[in-house]
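Heads up, the thing below is written out as structure tokens.
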Amino acid sequence: MRKDVRILLVGEPKVGKTSLIMSLVSEEFPNVVPYRAEEITIPADVTPERVPTHIVDYSEAEQTDEQLFQEISKANVICIVYSVNNKTSIEKVTSHWIPLITENTDKDSRVPLILVGNKSDLVEHSSMETILPIMNQYSEIETCVECSAKNLKNISELFYYAQKAVLHPTGPLYCPEKKDMKPLCVKALTRIFKVSDLDNDGILNDNELNFFQRTCFNTPLEPQALEDVKNVVRKNLNDGVCDNGLTLKGFLFLHTLFIQRGRHETTWTVLRRFGYDDDLELNQDYLFPPLKVPPDCTTELNHNAYLFLQSIFDKHDKDRDCALSPEELRDLFDVFPYMPWGPDVNNTVCTNDQGWITYQGYLSQWTLTTYLDVQRCLEYLGYLGYSIIAEQESQASGITVTRDKKIDLQKKQTQRSVFRCNVFGDIGCGKSGFLQAFLGRNLMFQKTIREEHRSYYAISTTYVYGQEKYLLLHEVFPDFDYLSDADLACDIVCLVYDVSNPYSFDYCAKVFKQYFTDSKTPCMIIAAKSDLPEIKQMYGCSPLEFCRRHRMPPPQSFTCNTAAAPSRDIYTKLTTMAMYPHARLRCMCTCNRCTFCLCQNFLNSELLQMVRAKLFAVVLRRSLPIKLHIFSLKCTITNLCNYLSLFIVLSLFFKMMVKPSLFNRHVSQADLTTSTFWLRASVGATVFAVLGFTMYRVLLKQR
């Protein structure tokens, strides 16, 4: 709503403009009336609409035409005052004042007019018969009020109607000639109906009507009042009520009735609650609420936003196949002014066999939008009515801004759930195939994708030590000399080369040396098209040797030329490295069976967290004597952290002793029978036991 209202009174001399203002302020007729009253400001707490109101007088004797034109341009509403006992002043309304106002106002921003018939105490008849044709001729005239400054008749009502004409104008809503709502109003109310129809059955049932009433007017409808509303619709419209619920036609009819009966403030209250401005466009403040995102931080949807999006999916998935058909998707985005998702989305997220976006793909696309363009995500959530349906202050409450990545590296843990992987590689090395394979598509399927529908992004979920995470793959255009900051900003780098092309690895090596040698961003090299014969790379060293020199994991073989969906193991490895960039992972198998995986699962388990919390509490209680003060507490906490770190080191040390291989090698049955294996196992167990006993003694001594 507007922050204030500016009312201008114009008219012929001696019609009582100044008397009206002074009677309103002093609540009595003035004995002495000046030529012109000074501008008056009525505080918000005094006015019915709780908006500050400025009342401006005009005097032909004291003001020039230029000053009049300036006041007309600044006014929100103009009251044309005439005297009911003076025919000349009535004629001047159409012959002088309305044309003058029209010439000095914008055609696009129509200023509402109020016709004011003053001095009604001097005549016994009404001037409405003369005024009604004028009102029908000019659509900008909101209403006509007959009043008397001497008797204080309708003085407060006059300025209330003037204020109402600004805050709740009829013009944008209703066409008097057609006696129906205007198309923009119908469009806005249709969107409001669809947002409020929580089960998408085309009917507002009693629960939905009560929710709507509570949302807009902060009070529910009594059962009898609800029935009365439906009965009014039934009497006037055959298909306005269906299955004891209000249809769209019935909903629109009710608002038409409100406007025709002069209660258009009801319709405006609904429109403004759902984000519309005076031009019946969604307000920019509603669509784009303030959200501060510091550098090196990312944006993600929080739990409440995901719940809301899940409810929207369920609402439109009418056949309950956990996928959105093209018709269902169009129905979902019917509340948008445009179709936000193009054909490329189907090649960005997971789809079913029919090419329809699945439930997982639907959430993935929303996650992608939030990560890449949070302002667009806020806009989309606004169209869907997130703040209304989820009963939140704004869409910004559905967004989580993650902490700085530098803090994650310092603390060696992250709370993020979305990780970005930038994929580099020369032309034709298989980057696009690598992205599409993440969505479960083999080479045969990829050949059916049209070039104009190609996507440079792919996003889906992976599981790292039992935790669901989103991995976002971004294919970087192979232009070595012009890599932007966005191309380099990521959580992990994926360098892809073609094993069948002897010159393919050279590009990967150059990109790594130029941009990532001294970077803390982990890197992985992918040997793509591994189903083809491997050819020696024309580079100074082999890819394996290159990885050893730069302390990287060895090249990971990959192919999407499979009969079934390609393996997803490599994507789990990428997500794991993105989650733990500080750790040089000795295990890349993600099998959940080897020692490293078991240790990681144990360290992330709720049991260990509970034991750690209890141990922490015990140590704190026993290390808080008054004499030890803060220093003792710090030492105790430091020792505890050291013990936990020692436990992790012991776990990894035991794994190294039992199985010294670095990547993807599993102990065979034959190895278990060799004496060497059992010797290593015995030594490892002995060292583990000795160090464990030492740690126990240290803990006992601390107590």
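Labels for the structure tokens follow display order: chains A, B, ..., residues from 1 in each chain, ligands from 1.
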As a list in words, please: the residues near Ser325 of chain A (cut-off 10 Å, only C-alpha atoms, same-chain neighbours under 2 positions excluded).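 Answer for this query is His316, Asp317, Lys318, Asp319, Asp321, Cys322, Ala323, Glu327, Glu328, Leu329, Arg330, Asp331, Gln354, Gly355, Trp356, Ile357 and Thr358 of chain A.
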Output N, CA, C and O atoms for every residue in the selection just made, as a PDB file, in the first residue's frame.
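Now in selection12.pdb:
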```pdb
ATOM      1  N   HIS A 316      -0.077 -31.441  -8.266  1.00  0.00           N
ATOM      2  CA  HIS A 316      -0.243 -31.475  -9.722  1.00  0.00           C
ATOM      3  C   HIS A 316       0.038 -32.838 -10.340  1.00  0.00           C
ATOM      4  O   HIS A 316      -0.225 -33.032 -11.527  1.00  0.00           O
ATOM      5  N   ASP A 317       0.591 -33.763  -9.568  1.00  0.00           N
ATOM      6  CA  ASP A 317       0.816 -35.123 -10.074  1.00  0.00           C
ATOM      7  C   ASP A 317      -0.491 -35.910  -9.949  1.00  0.00           C
ATOM      8  O   ASP A 317      -0.663 -36.731  -9.054  1.00  0.00           O
ATOM      9  N   LYS A 318      -1.402 -35.663 -10.857  1.00  0.00           N
ATOM     10  CA  LYS A 318      -2.758 -36.206 -10.729  1.00  0.00           C
ATOM     11  C   LYS A 318      -2.797 -37.721 -10.908  1.00  0.00           C
ATOM     12  O   LYS A 318      -3.630 -38.398 -10.307  1.00  0.00           O
ATOM     13  N   ASP A 319      -1.917 -38.273 -11.759  1.00  0.00           N
ATOM     14  CA  ASP A 319      -1.942 -39.722 -11.989  1.00  0.00           C
ATOM     15  C   ASP A 319      -1.053 -40.484 -11.017  1.00  0.00           C
ATOM     16  O   ASP A 319      -0.934 -41.713 -11.107  1.00  0.00           O
ATOM     17  N   ASP A 321       2.135 -40.928 -10.667  1.00  0.00           N
ATOM     18  CA  ASP A 321       3.211 -41.755 -11.224  1.00  0.00           C
ATOM     19  C   ASP A 321       4.584 -41.211 -10.870  1.00  0.00           C
ATOM     20  O   ASP A 321       5.592 -41.634 -11.440  1.00  0.00           O
ATOM     21  N   CYS A 322       4.635 -40.270  -9.916  1.00  0.00           N
ATOM     22  CA  CYS A 322       5.895 -39.658  -9.462  1.00  0.00           C
ATOM     23  C   CYS A 322       6.665 -38.989 -10.599  1.00  0.00           C
ATOM     24  O   CYS A 322       7.897 -38.948 -10.609  1.00  0.00           O
ATOM     25  N   ALA A 323       5.938 -38.470 -11.567  1.00  0.00           N
ATOM     26  CA  ALA A 323       6.533 -37.716 -12.667  1.00  0.00           C
ATOM     27  C   ALA A 323       5.495 -36.719 -13.173  1.00  0.00           C
ATOM     28  O   ALA A 323       4.287 -36.934 -13.025  1.00  0.00           O
ATOM     29  N   GLU A 327       1.395 -31.868 -19.666  1.00  0.00           N
ATOM     30  CA  GLU A 327       0.147 -31.207 -19.261  1.00  0.00           C
ATOM     31  C   GLU A 327       0.186 -30.833 -17.782  1.00  0.00           C
ATOM     32  O   GLU A 327      -0.216 -29.727 -17.396  1.00  0.00           O
ATOM     33  N   GLU A 328       0.678 -31.747 -16.956  1.00  0.00           N
ATOM     34  CA  GLU A 328       0.769 -31.468 -15.520  1.00  0.00           C
ATOM     35  C   GLU A 328       1.768 -30.348 -15.242  1.00  0.00           C
ATOM     36  O   GLU A 328       1.543 -29.522 -14.349  1.00  0.00           O
ATOM     37  N   LEU A 329       2.844 -30.308 -16.017  1.00  0.00           N
ATOM     38  CA  LEU A 329       3.853 -29.256 -15.831  1.00  0.00           C
ATOM     39  C   LEU A 329       3.283 -27.897 -16.234  1.00  0.00           C
ATOM     40  O   LEU A 329       3.517 -26.889 -15.550  1.00  0.00           O
ATOM     41  N   ARG A 330       2.516 -27.855 -17.330  1.00  0.00           N
ATOM     42  CA  ARG A 330       1.883 -26.598 -17.742  1.00  0.00           C
ATOM     43  C   ARG A 330       0.875 -26.132 -16.693  1.00  0.00           C
ATOM     44  O   ARG A 330       0.750 -24.934 -16.414  1.00  0.00           O
ATOM     45  N   ASP A 331       0.153 -27.086 -16.118  1.00  0.00           N
ATOM     46  CA  ASP A 331      -0.820 -26.749 -15.076  1.00  0.00           C
ATOM     47  C   ASP A 331      -0.108 -26.189 -13.842  1.00  0.00           C
ATOM     48  O   ASP A 331      -0.590 -25.238 -13.213  1.00  0.00           O
ATOM     49  N   GLN A 354       9.495 -42.001 -20.389  1.00  0.00           N
ATOM     50  CA  GLN A 354       8.728 -41.189 -21.329  1.00  0.00           C
ATOM     51  C   GLN A 354       9.315 -39.790 -21.504  1.00  0.00           C
ATOM     52  O   GLN A 354       8.787 -38.993 -22.269  1.00  0.00           O
ATOM     53  N   GLY A 355      10.404 -39.508 -20.786  1.00  0.00           N
ATOM     54  CA  GLY A 355      11.022 -38.192 -20.877  1.00  0.00           C
ATOM     55  C   GLY A 355      10.373 -37.154 -19.995  1.00  0.00           C
ATOM     56  O   GLY A 355      10.606 -35.952 -20.164  1.00  0.00           O
ATOM     57  N   TRP A 356       9.550 -37.584 -19.022  1.00  0.00           N
ATOM     58  CA  TRP A 356       8.892 -36.658 -18.103  1.00  0.00           C
ATOM     59  C   TRP A 356       9.762 -36.466 -16.868  1.00  0.00           C
ATOM     60  O   TRP A 356      10.416 -37.397 -16.402  1.00  0.00           O
ATOM     61  N   ILE A 357       9.734 -35.273 -16.329  1.00  0.00           N
ATOM     62  CA  ILE A 357      10.558 -34.943 -15.158  1.00  0.00           C
ATOM     63  C   ILE A 357      10.029 -35.697 -13.941  1.00  0.00           C
ATOM     64  O   ILE A 357       8.850 -35.592 -13.592  1.00  0.00           O
ATOM     65  N   THR A 358      10.917 -36.440 -13.307  1.00  0.00           N
ATOM     66  CA  THR A 358      10.527 -37.222 -12.128  1.00  0.00           C
ATOM     67  C   THR A 358      10.495 -36.332 -10.887  1.00  0.00           C
ATOM     68  O   THR A 358      10.897 -35.173 -10.917  1.00  0.00           O
TER      69      THR A 358
END
```
Give me every alpha helix (DSSP H) residue in segment 407-612 of chain A, going by DSSP on the backbone, as a count of residues only. 63
Based on the backbone DSSP call, show me all residues of segment 148-363 of chain A assigned strand (DSSP E), as a PyMOL selection string. chain A and resi 174-175+180-181+241-242+245-246+299-301+323-324+357-358
Please provide as a PyMOL selection string all residues within 6 Å of segment 201-206 of chain A, with the sequence filter that same-chain residues fewer than 2 positions apart are discarded (counting only C-alpha atoms). chain A and resi 197+199+208-209+245-247
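Residues with any atom within 7 Å of segment 163-177 of chain A, counting only C-alpha atoms and excluding same-chain neighbours fewer than 4 positions away, are Met1, Val5, Asn76, Val77, Pro112, Glu140, Glu142, Phe159, Met181, Lys182, Cys185, His264, Glu265, Trp268 and Asp279 of chain A.
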Which neighbours of segment 384-401 of chain A fall inside 10 Å, counting only C-alpha atoms, when residues of the same chain fewer than 3 positions from it are skipped, and could you give them as an MDAnalysis selection string? chainID A and resid 191:192 194:196 198 211:212 215:216 273:275 285:294 297:309 312 332:336 370:371 374:375 377:381 404 416
Just the residues within 12 Å of Lys447 of chain A, please, counting only C-alpha atoms, with nothing from its chain fewer than 6 positions along; format it as a PyMOL selection string. chain A and resi 432-433+436+441+454+560-561
Choose the residue, out of A:Asp314, A:Asp65, A:Glu146, A:Asp491, that has the smallest atom-to-atom separation from Tyr161 of chain A; count only C-alpha atoms.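 Among A:Asp314, A:Asp65, A:Glu146, A:Asp491, it is A:Glu146 that comes nearest to Tyr161 of chain A.
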For segment 566-575 of chain A, work out the shell of residues within 6 Å, counting only C-alpha atoms and skipping chain neighbours fewer than 2 positions away, then give it as an NGL selection string. :A and (437 or 462 or 560 or 577-578)
Tell me, in Å to one decimal, how far atom CA of Ile21 of chain A is from atom CA of Leu9 of chain A. 9.0 Å
Just the number, please: distance in Å from atom CA of Lys315 of chain A to atom CA of Asp353 of chain A, one decimal.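 Those two atoms sit 22.1 Å apart.
Distances from A:Phe505, A:Tyr580, A:Tyr58, A:Phe438 to Asp408 of chain A were compared using only C-alpha atoms, and the smallest one belongs to A:Tyr580.
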Could you jot down the atom CA of Val418 of chain A to atom CA of Val345 of chain A separation for me, Å, one decimal place? 18.1 Å
Among the residues A:Asn231, A:Ser504, A:Ser148, A:Ser311, the one that comes closest to Cys429 of chain A [using only C-alpha atoms]: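 Closest to Cys429 of chain A, using only C-alpha atoms: A:Ser504.
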